[in-house]
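With CSV, C-alpha atoms inside, this is model36.csv:
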```csv
chain,number,residue,atom,x,y,z
U,1,MET,CA,145.9,118.2,180.8
U,2,GLY,CA,147.3,120.2,183.7
U,3,LYS,CA,148.1,123.8,184.1
U,4,ALA,CA,151.0,125.6,185.7
U,5,GLY,CA,152.0,129.2,186.0
U,6,GLY,CA,155.7,130.3,186.2
U,7,GLY,CA,156.8,128.1,188.7
U,8,ALA,CA,206.2,98.1,204.8
U,9,GLY,CA,207.4,95.6,205.4
U,10,ALA,CA,205.3,92.7,206.7
U,11,GLY,CA,207.8,90.9,209.0
U,12,GLN,CA,211.4,89.6,209.5
U,13,SER,CA,213.0,86.7,207.6
U,14,VAL,CA,213.6,83.6,209.7
U,15,LEU,CA,217.2,82.5,209.5
U,16,GLY,CA,216.7,79.3,211.4
U,17,TRP,CA,218.7,79.0,214.5
U,18,ALA,CA,217.7,75.4,215.2
U,19,GLY,CA,219.9,73.0,213.3
U,20,ARG,CA,222.4,75.6,212.2
U,21,LEU,CA,224.6,75.5,215.3
U,22,LYS,CA,227.0,72.5,215.7
U,23,ALA,CA,226.2,70.0,218.4
U,24,GLY,CA,227.5,71.2,221.8
U,25,ALA,CA,228.2,74.7,220.5
U,26,ARG,CA,226.9,77.5,222.6
U,27,SER,CA,225.7,80.8,221.6
U,28,PRO,CA,226.8,83.8,223.6
U,29,SER,CA,223.1,84.6,224.2
U,30,PRO,CA,220.0,82.4,223.6
U,31,PRO,CA,218.3,83.0,220.3
U,32,PRO,CA,215.0,84.8,220.3
U,33,ARG,CA,211.9,82.7,220.1
U,34,LEU,CA,210.9,83.0,216.5
U,35,PRO,CA,208.1,81.0,214.8
U,36,LEU,CA,209.4,78.1,212.9
U,37,PRO,CA,208.9,78.3,209.2
U,38,LEU,CA,206.5,76.1,207.4
U,39,PRO,CA,208.0,72.7,206.4
U,40,ASP,CA,208.1,73.6,202.7
U,41,ALA,CA,209.5,77.1,203.3
U,42,PRO,CA,213.2,77.1,202.4
U,43,PHE,CA,215.8,78.7,204.8
U,44,LEU,CA,217.5,81.7,203.4
U,45,PRO,CA,221.2,80.9,202.6
U,46,LEU,CA,223.9,82.5,204.6
U,47,ARG,CA,226.0,84.8,202.5
U,48,ARG,CA,229.7,85.7,202.9
U,49,PRO,CA,230.2,89.2,204.3
U,50,PRO,CA,231.4,91.7,201.7
U,51,GLN,CA,235.1,92.3,201.1
U,52,PRO,CA,235.6,96.0,200.9
U,53,SER,CA,238.6,95.5,198.6
U,54,THR,CA,236.6,94.4,195.7
U,55,MET,CA,233.4,96.0,194.4
U,56,ALA,CA,232.4,92.8,192.6
U,57,SER,CA,232.1,91.0,195.9
U,58,VAL,CA,229.9,93.8,197.2
U,59,ALA,CA,227.6,93.5,194.2
U,60,ALA,CA,227.5,89.7,194.8
U,61,TRP,CA,226.5,90.2,198.4
U,62,VAL,CA,224.0,93.0,198.2
U,63,PRO,CA,220.6,91.9,197.0
U,64,ALA,CA,219.8,93.1,193.5
U,65,ALA,CA,216.6,94.8,194.8
U,66,PHE,CA,218.7,97.0,197.0
U,67,LEU,CA,220.9,98.0,194.0
U,68,LEU,CA,217.8,99.2,192.2
U,69,LEU,CA,217.3,101.7,195.0
U,70,LEU,CA,220.7,103.2,194.2
U,71,LEU,CA,219.7,103.9,190.6
U,72,PRO,CA,218.8,107.6,189.9
U,73,GLY,CA,215.6,106.5,188.0
U,74,VAL,CA,214.1,104.2,185.5
U,75,PRO,CA,213.9,105.7,182.0
U,76,GLY,CA,210.3,106.4,180.9
U,77,LYS,CA,208.9,106.1,184.4
U,78,SER,CA,208.1,108.8,186.9
U,79,LEU,CA,208.9,107.8,190.5
U,80,PRO,CA,206.6,109.3,193.1
U,81,ASN,CA,208.0,112.0,195.4
U,82,PRO,CA,206.4,111.4,198.8
U,83,GLY,CA,207.2,115.0,199.8
U,84,ALA,CA,205.4,116.6,196.9
U,85,ALA,CA,201.6,117.1,196.6
U,86,GLN,CA,200.3,115.2,193.6
U,87,PRO,CA,197.5,116.9,191.7
U,88,VAL,CA,194.2,115.0,191.7
U,89,CYS,CA,191.8,114.9,188.8
U,90,THR,CA,188.5,115.9,190.3
U,91,GLN,CA,186.8,117.2,187.1
U,92,ALA,CA,183.9,115.3,185.5
U,93,VAL,CA,185.0,113.3,182.4
U,94,TYR,CA,183.2,115.5,180.0
U,95,ASP,CA,185.1,118.5,181.4
U,96,TRP,CA,188.6,117.1,181.1
U,97,CYS,CA,189.3,119.0,177.9
U,98,SER,CA,187.9,122.3,179.2
U,99,SER,CA,191.4,123.6,179.8
U,100,TRP,CA,195.1,122.6,179.5
U,101,GLU,CA,195.4,122.4,183.3
U,102,ALA,CA,192.4,120.0,183.6
U,103,ALA,CA,193.7,117.9,180.7
U,104,ASN,CA,197.2,117.7,182.2
U,105,THR,CA,196.0,116.9,185.7
U,106,CYS,CA,193.7,114.1,184.2
U,107,GLU,CA,196.5,112.9,181.9
U,108,VAL,CA,194.5,113.3,178.7
U,109,THR,CA,196.4,116.2,176.9
U,110,LYS,CA,197.1,114.0,173.9
U,111,ARG,CA,193.5,113.1,173.5
U,112,CYS,CA,192.2,116.6,174.0
U,113,SER,CA,194.7,118.2,171.6
U,114,ALA,CA,192.4,117.4,168.6
U,115,ARG,CA,189.8,119.6,170.1
U,116,TRP,CA,192.2,122.5,170.5
U,117,ARG,CA,193.3,122.6,166.9
U,118,ASN,CA,192.7,125.8,165.1
U,119,THR,CA,189.9,125.2,162.6
U,120,ASP,CA,187.4,127.4,160.8
U,121,SER,CA,184.9,124.6,160.8
U,122,LYS,CA,181.7,125.3,162.7
U,123,PRO,CA,180.2,122.6,165.0
U,124,VAL,CA,177.2,120.7,163.7
U,125,SER,CA,174.0,122.2,165.0
U,126,VAL,CA,171.4,120.0,166.7
U,127,GLU,CA,168.2,121.5,168.1
U,128,VAL,CA,165.9,119.3,170.3
U,129,TYR,CA,162.4,120.4,171.0
U,130,TYR,CA,161.2,118.1,173.8
U,131,GLU,CA,159.0,117.7,176.9
U,132,THR,CA,160.3,116.2,180.2
U,133,LEU,CA,157.8,113.4,180.7
U,134,CYS,CA,157.7,112.2,177.1
U,135,PRO,CA,159.3,108.7,177.0
U,136,GLY,CA,160.6,109.1,173.5
U,137,CYS,CA,162.2,112.4,174.4
U,138,ARG,CA,163.9,111.0,177.5
U,139,SER,CA,165.1,108.0,175.5
U,140,PHE,CA,166.6,110.1,172.7
U,141,VAL,CA,168.4,112.5,175.1
U,142,VAL,CA,169.8,109.8,177.4
U,143,MET,CA,170.5,107.0,174.9
U,144,ASP,CA,171.5,109.0,171.8
U,145,LEU,CA,172.2,112.7,172.1
U,146,PHE,CA,174.1,112.8,175.4
U,147,PRO,CA,176.5,109.9,174.5
U,148,VAL,CA,177.2,111.4,171.1
U,149,TRP,CA,177.9,114.8,172.6
U,150,ILE,CA,180.3,113.2,175.1
U,151,LEU,CA,182.1,111.3,172.3
U,152,VAL,CA,182.6,114.1,169.8
U,153,GLY,CA,182.7,117.1,172.1
U,154,ASP,CA,181.1,120.5,171.9
U,155,SER,CA,183.6,121.7,169.3
U,156,VAL,CA,182.0,119.2,166.9
U,157,LEU,CA,178.4,119.2,168.1
U,158,ASN,CA,176.5,122.3,169.3
U,159,VAL,CA,173.3,121.2,171.1
U,160,THR,CA,170.3,123.4,171.8
U,161,LEU,CA,167.6,122.1,174.2
U,162,VAL,CA,164.1,123.6,174.1
U,163,PRO,CA,161.8,122.1,176.8
U,164,PHE,CA,158.2,122.8,175.8
U,165,GLY,CA,157.1,120.1,173.4
U,166,ASN,CA,153.4,119.7,172.8
U,167,ALA,CA,152.3,122.2,175.4
U,168,LYS,CA,150.0,125.1,174.8
U,169,GLU,CA,150.2,128.6,176.3
U,170,SER,CA,147.7,131.3,177.1
U,171,TYR,CA,148.0,134.8,178.6
U,172,GLU,CA,145.8,135.2,181.7
U,173,ASN,CA,145.8,137.8,184.4
U,174,GLY,CA,149.1,139.3,183.4
U,175,THR,CA,151.0,136.0,183.2
U,176,TRP,CA,151.5,133.2,180.9
U,177,GLN,CA,149.8,129.9,181.7
U,178,PHE,CA,150.9,126.6,180.3
U,179,ASP,CA,148.9,123.5,179.5
U,180,CYS,CA,151.2,120.4,179.1
U,181,GLN,CA,150.5,117.1,177.4
U,182,HIS,CA,151.5,115.0,180.4
U,183,GLY,CA,150.0,117.3,183.1
U,184,GLU,CA,151.0,119.9,185.6
U,185,LEU,CA,154.1,118.0,186.7
U,186,GLU,CA,155.5,118.1,183.2
U,187,CYS,CA,155.0,121.9,183.1
U,188,LYS,CA,156.9,122.4,186.3
U,189,LEU,CA,159.8,120.2,185.1
U,190,ASN,CA,159.9,121.9,181.8
U,191,ILE,CA,160.3,125.3,183.6
U,192,VAL,CA,162.9,123.8,185.9
U,193,GLN,CA,165.0,122.6,183.0
U,194,ALA,CA,164.6,126.0,181.2
U,195,CYS,CA,165.9,127.6,184.4
U,196,LEU,CA,168.9,125.3,184.5
U,197,LEU,CA,169.7,126.2,180.9
U,198,ASP,CA,169.4,129.9,181.8
U,199,ILE,CA,171.4,129.7,185.1
U,200,PHE,CA,174.2,127.8,183.3
U,201,GLU,CA,173.8,129.8,180.1
U,202,ASN,CA,177.6,130.1,179.6
U,203,LYS,CA,178.4,126.6,180.9
U,204,PHE,CA,176.5,124.1,178.8
U,205,SER,CA,179.0,121.5,180.0
U,206,THR,CA,177.2,121.7,183.4
U,207,ALA,CA,173.6,122.3,182.3
U,208,PHE,CA,173.5,119.3,179.8
U,209,PRO,CA,174.7,116.7,182.3
U,210,LEU,CA,172.2,118.0,184.9
U,211,ILE,CA,169.3,117.7,182.5
U,212,ASN,CA,170.5,114.3,181.3
U,213,CYS,CA,170.7,113.2,185.0
U,214,MET,CA,167.1,114.3,185.6
U,215,LEU,CA,165.8,112.7,182.4
U,216,SER,CA,167.5,109.4,183.2
U,217,SER,CA,166.3,109.2,186.8
U,218,SER,CA,163.7,106.7,187.9
U,219,ASP,CA,162.2,109.5,190.1
U,220,ILE,CA,162.4,112.5,187.8
U,221,GLU,CA,160.1,114.6,190.1
U,222,ASP,CA,162.7,114.5,193.0
U,223,SER,CA,165.8,114.3,190.8
U,224,LEU,CA,166.9,117.9,190.9
U,225,GLU,CA,168.6,117.9,194.3
U,226,PRO,CA,170.7,114.7,193.8
U,227,CYS,CA,171.7,115.7,190.3
U,228,LEU,CA,172.8,119.1,191.6
U,229,LYS,CA,174.9,117.5,194.3
U,230,ILE,CA,176.7,115.5,191.6
U,231,TYR,CA,177.2,118.1,188.8
U,232,SER,CA,176.9,121.5,190.6
U,233,PRO,CA,177.2,121.1,194.3
U,234,LYS,CA,177.5,124.9,194.8
U,235,THR,CA,174.1,125.5,193.2
U,236,SER,CA,171.2,125.2,195.6
U,237,VAL,CA,167.7,123.8,194.9
U,238,ASP,CA,166.3,127.1,196.2
U,239,GLU,CA,168.2,129.1,193.6
U,240,VAL,CA,166.7,127.0,190.8
U,241,MET,CA,163.2,127.0,192.2
U,242,LYS,CA,163.3,130.7,192.7
U,243,CYS,CA,163.7,131.0,189.0
U,244,ALA,CA,161.1,128.3,188.2
U,245,ASN,CA,158.4,129.7,190.5
U,246,GLY,CA,159.0,133.4,189.6
U,247,PRO,CA,158.6,135.7,186.7
U,248,GLN,CA,162.0,134.6,185.1
U,249,GLY,CA,160.7,131.0,184.8
U,250,ASN,CA,157.5,132.2,183.3
U,251,LYS,CA,159.4,134.3,180.8
U,252,LEU,CA,161.8,131.5,179.8
U,253,MET,CA,158.9,129.1,179.2
U,254,HIS,CA,157.1,131.7,177.1
U,255,GLN,CA,160.3,132.1,175.0
U,256,ASN,CA,160.5,128.3,174.5
U,257,ALA,CA,156.8,128.3,173.5
U,258,GLN,CA,157.5,130.9,170.8
U,259,LYS,CA,160.5,129.0,169.5
U,260,THR,CA,158.5,125.8,169.3
U,261,LEU,CA,155.2,127.2,168.0
U,262,ASN,CA,157.1,129.2,165.3
U,263,LEU,CA,158.9,126.2,163.8
U,264,SER,CA,158.6,125.9,160.0
U,265,PRO,CA,157.5,123.4,159.2
U,266,PRO,CA,155.5,123.0,162.4
U,267,HIS,CA,156.6,120.2,164.7
U,268,LYS,CA,154.3,117.1,164.5
U,269,TYR,CA,155.7,115.1,167.5
U,270,THR,CA,158.3,115.1,170.2
U,271,PRO,CA,161.2,114.9,170.2
U,272,TRP,CA,161.5,117.1,167.2
U,273,VAL,CA,165.1,117.1,166.2
U,274,LEU,CA,166.7,119.4,163.7
U,275,LEU,CA,170.2,118.8,162.4
U,276,GLU,CA,171.5,121.9,160.6
U,277,LYS,CA,167.9,123.1,160.5
U,278,LYS,CA,166.7,119.9,158.8
U,279,LEU,CA,164.5,117.3,160.4
U,280,LEU,CA,166.4,114.3,161.7
U,281,GLU,CA,164.0,111.4,161.2
U,282,ASP,CA,166.3,108.5,162.0
U,283,MET,CA,167.4,109.7,165.4
U,284,GLU,CA,169.3,106.5,166.2
U,285,GLN,CA,171.8,107.4,163.4
U,286,LEU,CA,172.7,110.7,165.0
U,287,LEU,CA,176.4,109.9,165.4
U,288,ASN,CA,176.7,108.9,161.7
U,289,TYR,CA,175.0,112.1,160.6
U,290,VAL,CA,177.2,114.3,162.8
U,291,CYS,CA,180.3,112.6,161.5
U,292,GLU,CA,179.2,113.0,157.8
U,293,THR,CA,178.2,116.6,158.3
U,294,TYR,CA,181.1,118.0,160.2
U,295,GLN,CA,183.7,119.6,157.9
U,296,GLY,CA,186.6,119.9,160.3
U,297,PRO,CA,189.2,117.3,161.5
U,298,LEU,CA,187.1,114.3,162.4
U,299,PRO,CA,187.3,113.0,166.0
U,300,ALA,CA,188.6,109.5,166.6
U,301,VAL,CA,185.1,108.1,167.1
U,302,CYS,CA,184.1,109.2,163.6
U,303,GLN,CA,187.3,107.7,162.0
U,304,ARG,CA,186.5,104.3,163.6
U,305,ASN,CA,182.8,104.6,162.9
U,306,SER,CA,182.7,102.8,159.6
U,307,PHE,CA,179.9,100.5,160.6
U,308,ASN,CA,176.3,100.9,161.4
U,309,PHE,CA,176.2,102.5,164.8
U,310,THR,CA,173.0,100.8,165.9
U,311,GLU,CA,174.0,97.2,164.9
```

Produce structure tokens that represent the structure in this file.
Amino acid sequence: MGKAGGGAGAGQSVLGWAGRLKAGARSPSPPPRLPLPLPDAPFLPLRRPPQPSTMASVAAWVPAAFLLLLLPGVPGKSLPNPGAAQPVCTQAVYDWCSSWEAANTCEVTKRCSARWRNTDSKPVSVEVYYETLCPGCRSFVVMDLFPVWILVGDSVLNVTLVPFGNAKESYENGTWQFDCQHGELECKLNIVQACLLDIFENKFSTAFPLINCMLSSSDIEDSLEPCLKIYSPKTSVDEVMKCANGPQGNKLMHQNAQKTLNLSPPHKYTPWVLLEKKLLEDMEQLLNYVCETYQGPLPAVCQRNSFNFTE
């Protein structure tokens, strides 16, 4: 047990001067020294110059590829305009449907439209009480919860993360002290993730990928900085650690302790997963349960999910 306080063109075609002039005939100027074509490369046939009187002869002489350039456009295709700046999709995949502008830039408006339908159906609630160094917790979040959340979206699945788990708390010298199952490091990481959820309180679409990144890392202790660089480059490690090592982090962890310790019935293990306030025992079937529970228009993944998800 450990303790922790709040803490262009490629080249020219060879027309073949050699062998094309009659014997003894002279050219007004010597031909340029061009590389001879390979033996099996055919010479391009000479074409009769166009006769301006007939449009048909012009069409016969001008290569078909050049005629295509004269067309105003190809139906159903958008030809690039070199002079216009093309928008670039820079948003993370899970954020493509966050706005019409993002969806349009990333060319997924049709796919996102289902999420924008007017519906009175509430998303399915899933609460996860976990601890950061618990193998089962990390496996569930990374392998089950996060992929399902990505597939159905936050309009279908509302996730609540509570990092505390099997820890204990005590009040000593005017501050809360925490004793975690996997030692002091786990207490520190629990507080860090509680701070991330607080910092991004109104943007869970950033907080969850950050936490998933940390939990899926092979070096979770030093995962905060690289994960921030990926998902929130404007957020500094110092900002997060100021929360984790200060009174705000201590307060947040105490709140998580109260949420966990006041569960009814009490949690018996971690992760403790509640779907619509009921214990989800078969956590590998999360997607099936979400699809069965949601009362609104089903997302495409639920309509296709007529088989056992784990098979």

Check: Got a sec: who's within 9 Å of Asp198 of chain U, counting all atoms listed in the file, leaving out chain neighbours fewer than 5 positions off, as number ranges by chain?
Finding: U: 193, 207, 252

With the cut-off set at 8 Å and counting all atoms listed in the file, tabulate each residue of segment 180-214 of chain U with an atom at most that distance from an atom of segment 226-247 of chain U, showing the nearest atom pair and its distance in Å to one decimal, ordered by chain and increasing number, as a tab-separated table.
```
residue	atom	partner	partner_atom	distance
U:Lys188	CA	U:Ala244	CA	7.5
U:Ile191	CA	U:Ala244	CA	5.5
U:Val192	CA	U:Ala244	CA	5.4
U:Cys195	CA	U:Cys243	CA	6.1
U:Leu196	CA	U:Val240	CA	6.9
U:Ile199	CA	U:Val240	CA	7.9
U:Thr206	CA	U:Tyr231	CA	6.5
U:Pro209	CA	U:Tyr231	CA	7.1
U:Leu210	CA	U:Cys227	CA	5.9
U:Cys213	CA	U:Cys227	CA	5.9
U:Met214	CA	U:Cys227	CA	6.7
```

Next item on the list: State, in Å with one decimal place, the distance from atom CA of His182 of chain U to atom CA of Leu274 of chain U.
Entry: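 Those two atoms sit 23.0 Å apart.
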
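Residues with any atom within 7 Å of segment 293-300 of chain U, counting all atoms listed in the file and excluding same-chain neighbours fewer than 6 positions away, are Thr119, Ser121, Pro123, Val124, Val152 and Val156 of chain U.
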
Checklist line | Using all atoms listed in the file: which of U:Val128, U:Ala103, U:Cys97, U:Val88 has the shortest distance to Lys277 of chain U | finding: U:Val128

For the point (196.4, 120.2, 182.8) in the file's frame, write as a PDB file with C-alpha atoms, in the coordinates of the input all residues with an atom no more than 12 Å away, counting only C-alpha atoms.
```pdb
ATOM      1  CA  PRO U  87     197.500 116.900 191.700  1.00  0.00           C
ATOM      2  CA  VAL U  88     194.200 115.000 191.700  1.00  0.00           C
ATOM      3  CA  CYS U  89     191.800 114.900 188.800  1.00  0.00           C
ATOM      4  CA  THR U  90     188.500 115.900 190.300  1.00  0.00           C
ATOM      5  CA  GLN U  91     186.800 117.200 187.100  1.00  0.00           C
ATOM      6  CA  ASP U  95     185.100 118.500 181.400  1.00  0.00           C
ATOM      7  CA  TRP U  96     188.600 117.100 181.100  1.00  0.00           C
ATOM      8  CA  CYS U  97     189.300 119.000 177.900  1.00  0.00           C
ATOM      9  CA  SER U  98     187.900 122.300 179.200  1.00  0.00           C
ATOM     10  CA  SER U  99     191.400 123.600 179.800  1.00  0.00           C
ATOM     11  CA  TRP U 100     195.100 122.600 179.500  1.00  0.00           C
ATOM     12  CA  GLU U 101     195.400 122.400 183.300  1.00  0.00           C
ATOM     13  CA  ALA U 102     192.400 120.000 183.600  1.00  0.00           C
ATOM     14  CA  ALA U 103     193.700 117.900 180.700  1.00  0.00           C
ATOM     15  CA  ASN U 104     197.200 117.700 182.200  1.00  0.00           C
ATOM     16  CA  THR U 105     196.000 116.900 185.700  1.00  0.00           C
ATOM     17  CA  CYS U 106     193.700 114.100 184.200  1.00  0.00           C
ATOM     18  CA  GLU U 107     196.500 112.900 181.900  1.00  0.00           C
ATOM     19  CA  VAL U 108     194.500 113.300 178.700  1.00  0.00           C
ATOM     20  CA  THR U 109     196.400 116.200 176.900  1.00  0.00           C
ATOM     21  CA  LYS U 110     197.100 114.000 173.900  1.00  0.00           C
ATOM     22  CA  CYS U 112     192.200 116.600 174.000  1.00  0.00           C
ATOM     23  CA  SER U 113     194.700 118.200 171.600  1.00  0.00           C
TER      24      SER U 113
END
```

Note to self: Rounded to one decimal, what separation in Å do you get between atom CA of Ala257 of chain U and atom CA of Thr175 of chain U?
What the structure shows: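 Computing the Euclidean distance for atom CA of Ala257 of chain U and atom CA of Thr175 of chain U yields 13.7 Å.
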
Notebook entry, point to check: Quick one: distance from atom CA of His254 of chain U to atom CA of Glu221 of chain U in Å, one decimal?
Noted result: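 Here the two named atoms are 21.7 Å from each other.
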
Note to self: When you count only C-alpha atoms, which of these residues is closest to Lys268 of chain U: U:Tyr129, U:Ser170, U:Val93, U:Leu145?
What the structure shows: U:Tyr129
